[in-house]
file query.txt (compact mmCIF, C-alpha atoms)
# COMPACT_ATOMS: atom_id res chain seq x y z
CA MET W 1 32.71 -50.34 49.71
CA ILE W 2 31.28 -46.81 49.49
CA ARG W 3 28.79 -45.71 52.06
CA TYR W 4 26.10 -43.07 51.55
CA ASN W 5 24.29 -41.32 54.31
CA LYS W 6 20.69 -40.19 53.97
CA PHE W 7 21.71 -36.59 53.25
CA THR W 8 23.95 -37.61 50.34
CA VAL W 9 21.24 -39.80 48.85
CA LEU W 10 18.75 -36.94 49.07
CA ILE W 11 21.13 -34.57 47.25
CA VAL W 12 21.77 -37.09 44.47
CA PHE W 13 18.03 -37.68 44.08
CA LEU W 14 17.27 -33.96 43.82
CA MET W 15 20.08 -33.42 41.30
CA SER W 16 18.73 -36.20 39.09
CA ILE W 17 15.28 -34.58 39.12
CA ILE W 18 16.74 -31.18 38.17
CA LEU W 19 18.73 -32.68 35.29
CA SER W 20 15.66 -34.51 34.02
CA LEU W 21 13.57 -31.38 34.11
CA ASN W 22 16.27 -29.42 32.31
CA PHE W 23 16.46 -32.07 29.57
CA PHE W 24 12.69 -32.09 29.22
CA SER W 25 12.63 -28.29 29.01
CA GLN W 26 15.34 -28.21 26.34
CA ASN W 27 13.62 -30.97 24.38
CA SER W 28 10.27 -29.17 24.54
CA SER W 29 11.90 -25.92 23.48
CA LEU W 30 13.50 -27.70 20.54
CA LYS W 31 10.15 -29.13 19.50
CA ASN W 32 8.52 -25.71 19.74
CA ASN W 33 11.26 -24.10 17.68
CA CYS W 34 10.99 -26.79 15.03
CA TYR W 35 7.25 -26.26 14.93
CA LYS W 36 7.69 -22.51 14.44
CA GLU W 37 10.29 -23.05 11.74
CA LEU W 38 8.00 -25.49 9.98
CA LYS W 39 5.13 -23.03 10.06
CA ASN W 40 7.30 -20.19 8.82
CA SER W 41 8.79 -22.31 6.07
CA GLN W 42 5.28 -23.08 4.88
CA LYS W 43 4.48 -19.37 5.07
CA ILE W 44 1.15 -20.14 6.74
CA ILE W 45 0.13 -19.72 10.36
CA ASN W 46 -3.21 -20.04 12.06
CA TYR W 47 -5.33 -17.17 13.34
CA LYS W 48 -4.65 -18.39 16.88
CA ASP W 49 -0.96 -17.70 16.27
CA TYR W 50 -1.71 -14.10 15.29
CA THR W 51 0.65 -11.29 16.16
CA GLU W 52 0.09 -7.61 15.46
CA ASP W 53 2.56 -7.74 12.61
CA SER W 54 1.10 -10.76 10.84
CA ILE W 55 0.03 -10.19 7.28
CA ASP W 56 -3.20 -11.06 5.54
CA ILE W 57 -3.19 -11.87 1.83
CA CYS W 58 -6.20 -12.20 -0.43
CA ASP W 59 -5.64 -13.92 -3.76
CA LEU W 60 -8.50 -12.90 -6.04
CA ASN W 61 -7.66 -15.64 -8.56
CA ASN W 62 -8.52 -18.51 -6.22
CA ASN W 63 -10.06 -16.66 -3.27
CA ILE W 64 -7.48 -18.06 -0.84
CA GLU W 65 -6.47 -16.02 2.17
CA LYS W 66 -3.11 -16.63 3.83
CA ILE W 67 -1.61 -15.16 6.97
CA VAL W 68 2.14 -14.84 6.72
CA ASN W 69 4.32 -14.20 9.73
CA ASN W 70 6.40 -11.04 9.65
CA THR W 71 9.30 -10.34 12.00
CA LYS W 72 9.03 -6.92 13.63
CA TYR W 73 12.07 -4.74 13.18
CA SER W 74 13.50 -2.98 16.22
CA ASN W 75 16.31 -0.92 14.67
CA GLU W 76 14.33 2.07 13.44
CA ILE W 77 16.44 4.32 15.63
CA GLN W 78 19.39 3.58 13.35
CA ILE W 79 17.62 4.62 10.15
CA SER W 80 18.79 7.74 8.35
CA GLY W 81 16.67 7.12 5.26
CA TYR W 82 15.79 4.04 3.22
CA PHE W 83 14.91 3.86 -0.46
CA PHE W 84 14.12 1.13 -2.97
CA LYS W 85 12.69 0.89 -6.47
CA PRO W 86 13.71 4.42 -7.49
CA PRO W 87 11.08 6.67 -9.08
CA PHE W 88 10.45 6.03 -12.78
CA GLU W 89 8.78 8.47 -15.16
CA GLY W 90 7.43 5.79 -17.50
CA LEU W 91 7.99 4.88 -21.14
CA ILE W 92 5.38 7.31 -22.48
CA PRO W 93 6.97 10.58 -23.66
CA LEU W 94 6.78 13.29 -21.02
CA GLU W 95 4.60 16.33 -21.46
CA SER W 96 5.07 19.69 -19.80
CA ASN W 97 4.68 19.24 -16.06
CA ILE W 98 2.07 21.27 -14.25
CA SER W 99 3.90 23.82 -12.12
CA ILE W 100 1.83 23.41 -8.97
CA GLU W 101 3.99 20.76 -7.34
CA PHE W 102 6.44 22.16 -4.82
CA ASN W 103 9.96 21.47 -3.65
CA HIS W 104 9.95 20.66 0.07
CA ASP W 105 13.28 22.45 0.55
CA THR W 106 11.89 25.85 -0.43
CA PHE W 107 8.21 25.76 0.58
CA GLN W 108 7.21 27.83 3.64
CA GLY W 109 3.55 26.83 4.07
CA LYS W 110 0.19 28.46 3.36
CA LEU W 111 -1.20 31.26 5.46
CA GLU W 112 -4.47 29.47 6.13
CA SER W 113 -4.83 26.03 7.70
CA VAL W 114 -6.64 23.00 6.34
CA ILE W 115 -9.62 23.89 8.51
CA GLY W 116 -9.97 27.21 6.69
CA GLU W 117 -10.24 27.86 2.97
CA ASP W 118 -10.06 24.83 0.70
CA GLY W 119 -6.68 24.84 -1.03
CA ARG W 120 -7.23 21.92 -3.40
CA VAL W 121 -6.51 22.55 -7.07
CA ARG W 122 -7.65 20.40 -9.98
CA VAL W 123 -4.89 18.65 -11.93
CA THR W 124 -5.57 18.64 -15.68
CA PRO W 125 -4.27 17.25 -17.87
CA THR W 126 -3.06 14.29 -15.84
CA THR W 127 -0.79 12.96 -18.58
CA SER W 128 2.43 14.36 -17.09
CA TYR W 129 4.55 12.81 -14.38
CA PRO W 130 3.92 12.28 -11.46
CA TRP W 131 0.16 12.82 -11.88
CA ARG W 132 -0.32 9.83 -14.16
CA THR W 133 1.01 7.55 -11.39
CA ILE W 134 -1.92 8.49 -9.11
CA CYS W 135 -4.92 6.20 -9.41
CA LYS W 136 -8.67 6.21 -8.99
CA LEU W 137 -9.93 3.06 -7.25
CA TYR W 138 -13.32 1.38 -7.64
CA ALA W 139 -13.79 -1.33 -5.02
CA THR W 140 -16.90 -3.49 -5.31
CA TRP W 141 -18.55 -5.59 -2.60
CA GLY W 142 -21.47 -7.49 -4.07
CA THR W 143 -23.49 -4.96 -6.05
CA THR W 144 -22.16 -1.85 -4.31
CA THR W 145 -19.07 0.04 -5.44
CA TYR W 146 -17.02 2.43 -3.32
CA VAL W 147 -14.27 4.80 -4.46
CA GLY W 148 -10.80 5.61 -3.24
CA SER W 149 -7.34 6.63 -4.41
CA GLY W 150 -3.92 5.06 -4.65
CA ALA W 151 -0.49 5.36 -6.26
CA LEU W 152 1.69 3.12 -8.41
CA ILE W 153 4.91 2.16 -6.64
CA ASP W 154 6.30 -0.01 -9.44
CA GLU W 155 5.13 -1.48 -12.73
CA LYS W 156 2.41 -3.69 -11.22
CA HIS W 157 1.77 -2.62 -7.60
CA VAL W 158 -0.46 0.07 -6.11
CA LEU W 159 -0.24 1.43 -2.58
CA THR W 160 -3.53 2.46 -0.96
CA ALA W 161 -5.38 2.54 2.36
CA GLY W 162 -6.44 -0.75 3.91
CA HIS W 163 -10.04 0.39 4.37
CA CYS W 164 -10.31 1.02 0.61
CA VAL W 165 -10.15 -2.71 -0.09
CA TYR W 166 -10.98 -4.47 3.18
CA SER W 167 -14.05 -3.71 5.29
CA GLU W 168 -15.35 -5.94 8.04
CA ALA W 169 -18.75 -4.22 7.80
CA ARG W 170 -18.96 -5.10 4.08
CA GLY W 171 -17.91 -8.71 4.55
CA GLY W 172 -14.12 -8.59 4.25
CA TRP W 173 -12.06 -8.15 1.11
CA ALA W 174 -13.58 -6.38 -1.87
CA ASP W 175 -14.76 -8.74 -4.61
CA ILE W 176 -13.39 -6.60 -7.43
CA VAL W 177 -10.94 -3.68 -7.38
CA LYS W 178 -10.55 -1.67 -10.57
CA ILE W 179 -7.62 0.75 -10.84
CA VAL W 180 -7.51 3.70 -13.25
CA PRO W 181 -4.19 5.60 -13.42
CA GLY W 182 -4.37 9.30 -14.21
CA MET W 183 -8.14 9.45 -14.70
CA ASP W 184 -9.23 12.87 -15.94
CA ASN W 185 -12.87 13.95 -16.08
CA GLY W 186 -13.83 10.28 -15.97
CA ASN W 187 -11.66 9.44 -18.97
CA GLU W 188 -9.32 6.45 -18.70
CA LEU W 189 -6.31 7.94 -20.46
CA TYR W 190 -4.15 4.87 -19.80
CA GLY W 191 -6.92 2.32 -19.63
CA HIS W 192 -7.52 0.39 -16.44
CA THR W 193 -6.31 -2.69 -14.65
CA TYR W 194 -7.56 -4.98 -11.88
CA ALA W 195 -6.12 -6.21 -8.60
CA ILE W 196 -5.40 -9.93 -8.60
CA GLN W 197 -3.96 -10.00 -5.08
CA MET W 198 -4.28 -7.73 -2.04
CA ARG W 199 -2.11 -7.60 1.06
CA THR W 200 -2.35 -5.84 4.40
CA TYR W 201 -1.45 -6.35 8.06
CA ASN W 202 -3.64 -8.66 10.07
CA ASP W 203 -3.89 -5.86 12.62
CA TRP W 204 -6.10 -4.04 10.14
CA ILE W 205 -8.11 -7.18 9.34
CA ASN W 206 -8.88 -8.07 12.95
CA TYR W 207 -8.93 -4.73 14.73
CA GLN W 208 -9.24 -2.02 12.04
CA SER W 209 -6.23 -0.36 13.62
CA GLY W 210 -5.55 3.09 12.21
CA GLU W 211 -1.87 2.45 12.87
CA HIS W 212 -1.79 -0.16 10.10
CA ASP W 213 -4.40 1.12 7.62
CA PHE W 214 -2.63 0.42 4.35
CA ALA W 215 -2.65 -2.18 1.58
CA VAL W 216 -0.65 -3.18 -1.47
CA LEU W 217 -2.45 -4.37 -4.61
CA THR W 218 -0.86 -6.63 -7.22
CA LEU W 219 -2.17 -5.79 -10.69
CA ASP W 220 -2.98 -7.97 -13.67
CA SER W 221 -0.78 -5.91 -15.99
CA ASN W 222 2.47 -3.95 -15.96
CA ILE W 223 0.66 -0.66 -16.52
CA GLY W 224 3.27 1.18 -14.47
CA LEU W 225 5.77 0.77 -17.30
CA GLN W 226 3.63 3.23 -19.26
CA THR W 227 2.84 5.68 -16.49
CA GLY W 228 5.88 5.39 -14.26
CA TRP W 229 5.72 5.36 -10.46
CA MET W 230 6.90 7.23 -7.40
CA GLY W 231 9.47 5.87 -4.97
CA LEU W 232 8.99 4.95 -1.32
CA GLU W 233 10.96 6.37 1.56
CA THR W 234 11.14 6.01 5.34
CA HIS W 235 12.91 7.95 8.06
CA PRO W 236 12.90 7.92 11.87
CA ARG W 237 9.60 9.23 13.19
CA TRP W 238 11.32 12.28 14.68
CA ALA W 239 12.94 13.29 11.36
CA SER W 240 12.25 16.89 10.34
CA ILE W 241 11.15 15.73 6.90
CA TYR W 242 7.71 14.87 8.32
CA ALA W 243 7.15 18.50 9.28
CA GLN W 244 8.29 20.01 5.98
CA GLY W 245 6.22 20.90 2.92
CA LEU W 246 4.54 17.90 1.31
CA ASN W 247 2.28 17.03 -1.65
CA LEU W 248 -0.95 15.03 -1.73
CA ALA W 249 -3.21 14.19 -4.69
CA GLY W 250 -6.22 11.95 -5.20
CA TYR W 251 -9.87 11.83 -6.22
CA PRO W 252 -12.14 13.64 -3.71
CA ALA W 253 -15.80 12.62 -3.97
CA ASP W 254 -17.01 16.08 -2.91
CA LEU W 255 -15.57 17.74 -6.04
CA ASP W 256 -16.80 16.95 -9.58
CA GLY W 257 -18.35 13.71 -8.42
CA GLY W 258 -14.91 12.22 -7.82
CA LEU W 259 -14.12 12.16 -11.54
CA ASN W 260 -11.16 14.54 -11.38
CA MET W 261 -7.82 14.57 -9.64
CA TYR W 262 -7.20 17.28 -7.04
CA PHE W 263 -3.95 18.28 -5.42
CA ASP W 264 -2.87 20.25 -2.36
CA TYR W 265 0.39 20.96 -0.60
CA ASP W 266 1.25 22.24 2.82
CA LEU W 267 3.30 21.46 5.89
CA GLY W 268 3.37 18.28 7.90
CA THR W 269 2.84 18.74 11.62
CA TYR W 270 4.27 15.68 13.37
CA ALA W 271 4.65 11.91 13.21
CA ASN W 272 4.67 9.04 15.68
CA GLU W 273 5.74 5.43 15.20
CA TYR W 274 2.82 4.54 12.94
CA ASN W 275 0.99 7.72 11.82
CA HIS W 276 1.69 11.11 10.28
CA TRP W 277 -0.31 14.36 10.61
CA TYR W 278 -0.40 17.26 8.12
CA ILE W 279 -2.46 20.38 7.36
CA ILE W 280 -3.30 19.37 3.80
CA ASP W 281 -6.89 19.56 2.56
CA THR W 282 -8.63 16.24 1.84
CA SER W 283 -12.09 14.67 1.80
CA GLY W 284 -13.79 11.31 1.27
CA GLY W 285 -12.56 9.53 -1.85
CA GLN W 286 -8.98 10.62 -1.20
CA SER W 287 -8.28 7.77 1.19
CA GLY W 288 -5.28 5.89 -0.15
CA SER W 289 -3.79 9.02 -1.72
CA PRO W 290 0.00 9.27 -1.60
CA LEU W 291 1.67 11.94 0.53
CA TRP W 292 5.04 12.58 -1.04
CA ARG W 293 8.02 14.88 -0.94
CA TYR W 294 9.62 16.37 -4.05
CA ASP W 295 13.31 17.24 -3.80
CA GLY W 296 13.41 19.05 -7.13
CA THR W 297 14.29 15.86 -9.01
CA ASN W 298 12.62 12.81 -7.46
CA ARG W 299 9.37 12.03 -5.65
CA TYR W 300 9.17 9.74 -2.63
CA ILE W 301 6.00 8.62 -0.85
CA LEU W 302 6.19 8.90 2.94
CA THR W 303 2.59 8.27 4.03
CA VAL W 304 -0.74 6.82 2.85
CA HIS W 305 -3.59 9.24 3.52
CA ALA W 306 -6.41 7.61 5.48
CA TYR W 307 -8.22 9.93 7.94
CA SER W 308 -9.63 13.40 8.42
CA ASP W 309 -9.05 15.80 11.31
CA ASP W 310 -9.13 13.86 14.58
CA GLY W 311 -9.37 16.99 16.71
CA SER W 312 -5.71 17.84 16.33
CA GLY W 313 -6.36 20.36 13.54
CA SER W 314 -4.65 18.06 11.04
CA ASN W 315 -5.60 15.27 8.67
CA HIS W 316 -3.49 12.14 9.01
CA GLY W 317 -2.52 8.85 7.48
CA THR W 318 -0.45 5.70 7.85
CA ARG W 319 3.27 6.42 7.93
CA ILE W 320 5.54 4.07 5.97
CA ASP W 321 7.69 3.09 8.94
CA LYS W 322 10.72 0.80 8.62
CA ASN W 323 8.69 -2.35 9.20
CA LYS W 324 6.11 -1.48 6.53
CA PHE W 325 8.84 -0.29 4.19
CA ASP W 326 10.63 -3.64 4.41
CA ILE W 327 7.53 -5.80 4.09
CA ILE W 328 6.31 -3.83 1.04
CA LYS W 329 9.71 -4.42 -0.51
CA ASN W 330 9.41 -8.15 0.25
CA TRP W 331 5.90 -8.32 -1.21
CA ILE W 332 7.04 -6.71 -4.44
CA GLN W 333 10.02 -9.00 -4.79
CA ALA W 334 7.93 -12.10 -3.99
CA ASP W 335 5.38 -11.54 -6.76
CA LYS W 336 5.85 -13.45 -9.95
CA THR W 337 5.50 -11.77 -13.32
CA SER W 338 1.83 -11.14 -13.92
CA SER W 339 0.04 -11.44 -17.22
CA ASP W 340 -2.58 -9.05 -18.56
CA LYS W 341 -6.04 -10.55 -18.51
CA PRO W 342 -8.80 -9.67 -21.01
CA ASP W 343 -11.51 -7.35 -19.77
CA MET W 344 -14.67 -9.20 -20.88
CA SER W 345 -17.23 -6.56 -19.98
CA ASP W 346 -20.45 -6.30 -22.00
CA ARG W 347 -20.69 -2.78 -23.44
CA GLY W 348 -24.07 -3.33 -25.11
CA ASP W 349 -25.31 -3.59 -28.68
CA LEU W 350 -23.78 -0.25 -29.65
CA TYR W 351 -20.32 -1.82 -29.50
CA SER W 352 -21.34 -5.23 -30.83
CA GLY W 353 -21.24 -6.74 -34.31
CA PHE W 354 -18.84 -6.43 -37.23
CA ASN W 355 -18.80 -5.32 -40.84
CA PRO W 356 -16.98 -7.85 -43.07
CA THR W 357 -15.06 -6.50 -46.05
CA PRO W 358 -13.56 -8.69 -48.83
CA VAL W 359 -9.82 -8.23 -49.19
CA GLY W 360 -7.41 -9.38 -51.84
CA SER W 361 -3.81 -9.05 -52.85
CA GLY W 362 -3.32 -5.84 -54.79
CA LEU W 363 -6.97 -4.88 -54.30
CA THR W 364 -7.20 -3.60 -50.72
CA ASP W 365 -5.18 -0.85 -49.07
CA PHE W 366 -4.42 -0.94 -45.36
CA ASN W 367 -3.37 1.95 -43.17
CA ILE W 368 -1.17 0.86 -40.30
call {"tool": "encode", "arguments": {"input": "query.txt", "output": "structure tokens"}}
result
Amino acid sequence: MIRYNKFTVLIVFLMSIILSLNFFSQNSSLKNNCYKELKNSQKIINYKDYTEDSIDICDLNNNIEKIVNNTKYSNEIQISGYFFKPPFEGLIPLESNISIEFNHDTFQGKLESVIGEDGRVRVTPTTSYPWRTICKLYATWGTTTYVGSGALIDEKHVLTAGHCVYSEARGGWADIVKIVPGMDNGNELYGHTYAIQMRTYNDWINYQSGEHDFAVLTLDSNIGLQTGWMGLETHPRWASIYAQGLNLAGYPADLDGGLNMYFDYDLGTYANEYNHWYIIDTSGGQSGSPLWRYDGTNRYILTVHAYSDDGSGSNHGTRIDKNKFDIIKNWIQADKTSSDKPDMSDRGDLYSGFNPTPVGSGLTDFNI
């Protein structure tokens, strides 16, 4: 017969409680993990589960918004330079390039700063590469239309500023976003296309954070196959490339009513984890413009222009950090092949009607 004293019984009792609690904790943890995996597998999480790197998606076809969880990357310190979807000059024959773009390896900077004399130069014609990849944006909320800029980053995606397509003050996502690549003097040289889906970080949706002011638009046609696109690139925030000579082009509203493309180049000043500053001239209407480097052969977008001088003596925008770089890549790969949709706009009686003409074999000539 085994005897137990009171002290032994107390120890056994306490150990049983500890083991029970440990089992309960592990079981609860398992349930929580399963719940998270279930939510992630469904690609939908609730607003209450929001993190700063969640993503908001607006599908303009069925007006459904989804918030998709995105894992934050922590290995930016290891990055030496990341590229995907290399630049493409388009299927349309190239014309003579305008010789105002500069190579970042040889440029030394302008004598005056952005605060001084306006250094913007009109780009015309816009039919050469890379100018035809830069887009004019018309974003409509209700009966009011606002303008912005953007850039094609593959055959059916445009990169722009988040505030160009989502505004809390205007009621959320824009109702309609029209994109015109390479617009020149108001002329749509390559036609136009519309956004059928828009994506951005939830941090922009909920807090209008300037650290995450960017968006990617999925288009209803593969217009980029005609115009081409520029590549994307990211580097560590301390990389010297952010302080070298850079290019920026878009559609400023203060010049020619926003109907023409203007370009400027100058030096970057510095970058932090999320933003990038530069002494390049800009104004309203150029939000969403690409800031790119040209190595003499290829063009790579580093930053989305978004803001004017904040007191630092420099304009600035949203840097394509490693996290944004990867999620943009995922968005592009996730999209299914889109189909061009008819533009059923009413152009008035001038463009209406038809003139029937009898035709017959051997009687009517056709010029094709």
call {"tool": "residues_around", "arguments": {"input": "query.txt", "residues": "Val123 (chain W)", "least_positions_apart": "2", "cutoff": "7 Å", "atoms": "all atoms listed in the file", "output": "number ranges by chain"}}
result
W: 121, 125-126, 261-263
call {"tool": "atom_distance", "arguments": {"input": "query.txt", "atom1": "CA of Glu273 (chain W)", "atom2": "CA of Asp321 (chain W)"}}
result
7.0 Å
call {"tool": "closest_residue", "arguments": {"input": "query.txt", "among": "W:Ala215, W:Ala174, W:Ala161, W:Ala239", "to": "Tyr146 (chain W)", "atoms": "all atoms listed in the file"}}
result
W:Ala174
call {"tool": "residues_around", "arguments": {"input": "query.txt", "residues": "region 129-134 of chain W", "least_positions_apart": "6", "cutoff": "6 Å", "atoms": "only C-alpha atoms", "output": "list in words"}}
result
Gly150, Ala151, Leu152, Pro181, Gly182, Thr227 and Trp229 of chain W
call {"tool": "write_last_selection", "arguments": {"input": "query.txt", "atoms": "C-alpha atoms", "output": "PDB file, in the frame of the given file"}}
result
ATOM      1  CA  GLY W 150      -3.920   5.060  -4.650  1.00  0.00           C
ATOM      2  CA  ALA W 151      -0.490   5.360  -6.260  1.00  0.00           C
ATOM      3  CA  LEU W 152       1.690   3.120  -8.410  1.00  0.00           C
ATOM      4  CA  PRO W 181      -4.190   5.600 -13.420  1.00  0.00           C
ATOM      5  CA  GLY W 182      -4.370   9.300 -14.210  1.00  0.00           C
ATOM      6  CA  THR W 227       2.840   5.680 -16.490  1.00  0.00           C
ATOM      7  CA  TRP W 229       5.720   5.360 -10.460  1.00  0.00           C
TER       8      TRP W 229
END
call {"tool": "residues_around", "arguments": {"input": "query.txt", "residues": "Ile328 (chain W)", "least_positions_apart": "5", "cutoff": "10 Å", "atoms": "only C-alpha atoms", "output": "PyMOL selection string"}}
result
chain W and resi 153+157+159+199-200+215-216+232+320+322-323+333-334
call {"tool": "write_last_selection", "arguments": {"input": "query.txt", "atoms": "C-alpha atoms", "output": "PDB file, keeping the file's coordinate frame"}}
result
ATOM      1  CA  ILE W 153       4.910   2.160  -6.640  1.00  0.00           C
ATOM      2  CA  HIS W 157       1.770  -2.620  -7.600  1.00  0.00           C
ATOM      3  CA  LEU W 159      -0.240   1.430  -2.580  1.00  0.00           C
ATOM      4  CA  ARG W 199      -2.110  -7.600   1.060  1.00  0.00           C
ATOM      5  CA  THR W 200      -2.350  -5.840   4.400  1.00  0.00           C
ATOM      6  CA  ALA W 215      -2.650  -2.180   1.580  1.00  0.00           C
ATOM      7  CA  VAL W 216      -0.650  -3.180  -1.470  1.00  0.00           C
ATOM      8  CA  LEU W 232       8.990   4.950  -1.320  1.00  0.00           C
ATOM      9  CA  ILE W 320       5.540   4.070   5.970  1.00  0.00           C
ATOM     10  CA  LYS W 322      10.720   0.800   8.620  1.00  0.00           C
ATOM     11  CA  ASN W 323       8.690  -2.350   9.200  1.00  0.00           C
ATOM     12  CA  GLN W 333      10.020  -9.000  -4.790  1.00  0.00           C
ATOM     13  CA  ALA W 334       7.930 -12.100  -3.990  1.00  0.00           C
TER      14      ALA W 334
END
call {"tool": "atom_distance", "arguments": {"input": "query.txt", "atom1": "CA of Gly288 (chain W)", "atom2": "CA of Ser149 (chain W)"}}
result
4.8 Å
call {"tool": "residues_around", "arguments": {"input": "query.txt", "residues": "Asn247 (chain W)", "least_positions_apart": "2", "cutoff": "8 Å", "atoms": "only C-alpha atoms", "output": "number ranges by chain"}}
result
W: 101-102, 245, 249, 263-266, 291-294
call {"tool": "closest_residue", "arguments": {"input": "query.txt", "among": "W:Trp204, W:His163, W:Val177, W:Ile279", "to": "Trp141 (chain W)", "atoms": "all atoms listed in the file"}}
result
W:Val177
call {"tool": "atom_distance", "arguments": {"input": "query.txt", "atom1": "CA of Gly142 (chain W)", "atom2": "CA of Asp175 (chain W)"}}
result
6.8 Å
call {"tool": "closest_residue", "arguments": {"input": "query.txt", "among": "W:Cys58, W:Ile280, W:Gln226, W:Gly231", "to": "Ala243 (chain W)", "atoms": "all atoms listed in the file"}}
result
W:Ile280
call {"tool": "closest_residue", "arguments": {"input": "query.txt", "among": "W:Ile241, W:Ile301, W:Leu248, W:Leu137", "to": "Ala195 (chain W)", "atoms": "all atoms listed in the file"}}
result
W:Leu137
call {"tool": "axis_aligned_box", "arguments": {"input": "query.txt", "around": "region 332-336 of chain W", "padding_each_side": "4 Å", "output": "lines of an AutoDock Vina configuration file"}}
result
center_x = 7.7
center_y = -10.1
center_z = -7.0
size_x = 12.6
size_y = 14.7
size_z = 14.0
call {"tool": "closest_residue", "arguments": {"input": "query.txt", "among": "W:Gly148, W:Gly119, W:Gly172, W:Gly228", "to": "Phe88 (chain W)", "atoms": "only C-alpha atoms"}}
result
W:Gly228
call {"tool": "closest_residue", "arguments": {"input": "query.txt", "among": "W:Gly268, W:Gly162, W:Gly258, W:Pro358", "to": "Asp213 (chain W)", "atoms": "only C-alpha atoms"}}
result
W:Gly162
call {"tool": "decode", "arguments": {"input": "query.txt", "residues": "region 261-276 of chain W", "atoms": "N, CA and C atoms", "output": "mmCIF file, in the first residue's frame"}}
result
data_model
loop_
_atom_site.group_PDB
_atom_site.id
_atom_site.type_symbol
_atom_site.label_atom_id
_atom_site.label_comp_id
_atom_site.auth_asym_id
_atom_site.auth_seq_id
_atom_site.Cartn_x
_atom_site.Cartn_y
_atom_site.Cartn_z
ATOM 1 N N MET W 261 1.621 66.352 -71.979
ATOM 2 C CA MET W 261 2.586 65.702 -71.105
ATOM 3 C C MET W 261 3.793 66.622 -70.906
ATOM 4 N N TYR W 262 4.231 66.710 -69.651
ATOM 5 C CA TYR W 262 5.433 67.472 -69.315
ATOM 6 C C TYR W 262 6.398 66.599 -68.534
ATOM 7 N N PHE W 263 7.668 66.895 -68.731
ATOM 8 C CA PHE W 263 8.748 66.066 -68.204
ATOM 9 C C PHE W 263 9.787 66.939 -67.503
ATOM 10 N N ASP W 264 10.395 66.404 -66.467
ATOM 11 C CA ASP W 264 11.518 67.063 -65.813
ATOM 12 C C ASP W 264 12.470 66.001 -65.265
ATOM 13 N N TYR W 265 13.698 66.369 -65.091
ATOM 14 C CA TYR W 265 14.668 65.467 -64.486
ATOM 15 C C TYR W 265 15.582 66.252 -63.566
ATOM 16 N N ASP W 266 15.961 65.598 -62.518
ATOM 17 C CA ASP W 266 16.895 66.192 -61.560
ATOM 18 C C ASP W 266 17.304 65.121 -60.563
ATOM 19 N N LEU W 267 17.954 65.546 -59.506
ATOM 20 C CA LEU W 267 18.485 64.606 -58.528
ATOM 21 C C LEU W 267 17.464 64.249 -57.455
ATOM 22 N N GLY W 268 17.517 63.009 -57.005
ATOM 23 C CA GLY W 268 16.819 62.634 -55.795
ATOM 24 C C GLY W 268 17.585 63.183 -54.599
ATOM 25 N N THR W 269 16.903 63.311 -53.475
ATOM 26 C CA THR W 269 17.582 63.822 -52.283
ATOM 27 C C THR W 269 17.796 62.724 -51.247
ATOM 28 N N TYR W 270 16.735 62.029 -50.844
ATOM 29 C CA TYR W 270 16.894 60.926 -49.908
ATOM 30 C C TYR W 270 15.620 60.093 -49.898
ATOM 31 N N ALA W 271 15.695 58.940 -49.247
ATOM 32 C CA ALA W 271 14.560 58.035 -49.139
ATOM 33 C C ALA W 271 14.527 57.431 -47.742
ATOM 34 N N ASN W 272 13.315 57.148 -47.263
ATOM 35 C CA ASN W 272 13.174 56.367 -46.035
ATOM 36 C C ASN W 272 12.479 55.053 -46.380
ATOM 37 N N GLU W 273 11.935 54.370 -45.402
ATOM 38 C CA GLU W 273 11.363 53.056 -45.660
ATOM 39 C C GLU W 273 10.222 53.118 -46.666
ATOM 40 N N TYR W 274 9.427 54.180 -46.628
ATOM 41 C CA TYR W 274 8.217 54.223 -47.439
ATOM 42 C C TYR W 274 8.185 55.338 -48.483
ATOM 43 N N ASN W 275 8.949 56.409 -48.307
ATOM 44 C CA ASN W 275 8.850 57.569 -49.202
ATOM 45 C C ASN W 275 10.191 57.922 -49.818
ATOM 46 N N HIS W 276 10.118 58.794 -50.823
ATOM 47 C CA HIS W 276 11.299 59.196 -51.585
ATOM 48 C C HIS W 276 11.149 60.677 -51.949
#
